[in-house]
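Trainee: Okay, handing you the structure first.
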Amino acid sequence: MSIIAPRPGSGGHLAVRVKRPAERRSSSRSATRALDVLELFGRVHRPLRAIEISRALDMHSSTTNQLLKTMVDSAHLVFDARAKTYLPSPRLTQFSAWIVESYGADGRLRNLIEELHQQTGLVVTVTTPNDLFMQIVDAEVPSVPGDDRMPERGLQVSIIGSAIGSAYLSTLDDESVLRLANRARIGHDDLQPLLDMAHRIREEGFAVGPAAMDEGLGSLAMALPAQGLRVPAVVGLAGPMTVIRKRQEEFATLMREGIARWFGPEA
């Protein structure tokens, strides 16, 4: 799937490339499901029965049972035979401690995106750079049954041309921006407009552009403070482009206030 984004500083266009997790041949479904199980435990903070895991992750019961058996055999989960529940094993203690050290124990990213979603009613995403793409690592979306335009965790959007990618580019020096542009095979005539755009976003503090889900959708994106996380990250709002454009100053203020609350010096 691709949508077209305005080329920086000109009337031409650059295509925004999108990769969905299910479309990538290198994806291991079983590995992803195992990680989804561990993430589920992190959300509920209690032991779970197999049927609860199956329902929460929309997996067939036989698939769930086989997966849980494998994870118990590898000692990533432990099984309480009396209660018939599963929970993460002590083997994951050091991993969990490192995650807390890297991102904080208070779930700041999750709190931020839930807060922004409640305030705006829009899709809220957190993305990190992955080669020439920005990858969604968490999201809060409106509940719209059957709407396949909604983003999913793991979705990758090309850095060049997208609002979230532009917000990330604004955090880089010119040499790094040009290096990415050259790797993405951006034409020579587009390089200076790309740099000018990054400079402008750096001054304004946010980027506005395509949401990469549908040509009628737009996005407002803002980079998170570098000192707050172990990896570069961008928070983005996505909704109808007319709404994004009309209320961009209001949305930008909400994002700034939320970021300062959860990632400021006193957070």
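Lettering and numbering for the structure tokens are positional, with chains as A, B, ... in the shown order, residues counted from 1 in each chain, and ligands counted from 1 in the shown order.
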Considering only C-alpha atoms, give me a table of residues in region 143-224 of chain A that are at most 9 Å from region 248-263 of chain A, with the closest atom pair and distance in Å for each, as a Markdown table.
Mentor:
```
| residue | atom | partner | partner_atom | distance |
| --- | --- | --- | --- | --- |
| A:Gly205 | CA | A:Ala252 | CA | 8.4 |
| A:Phe206 | CA | A:Ala252 | CA | 7.1 |
| A:Val208 | CA | A:Gln248 | CA | 8.1 |
| A:Leu220 | CA | A:Gln248 | CA | 7.2 |
| A:Ala221 | CA | A:Ala252 | CA | 8.4 |
| A:Met222 | CA | A:Met255 | CA | 7.6 |
| A:Leu224 | CA | A:Ile259 | CA | 7.0 |
```
Trainee: Using only C-alpha atoms, which residues sit within 10 Å of Ala233 (chain A) once same-chain residues fewer than 4 positions away are excluded, as an NGL selection string?
Mentor: :A and (109 or 126-129 or 134-137 or 164 or 167-168 or 222-226 or 228-229)
Trainee: Looking at only C-alpha atoms, which of A:Ile51, A:Ala97, A:Val37, A:Val124 is the one that sits closest to Lys84 (chain A)?
Mentor: A:Ile51
Trainee: Please, which residues of region 23-155 of chain A, numbered as in this document, come out strand (DSSP E) from DSSP, as a VMD selection string?
Mentor: chain A and resid 77 to 80 85 to 88 123 to 130 133 to 140
Trainee: Please identify all polymer residues within 8 Å of Leu195 (chain A), counting only C-alpha atoms, omitting same-chain residues fewer than 6 positions from it, and present them as a list in words.
Mentor: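 Result of the neighbour search: Asp174, Val177 and Leu178 of chain A.
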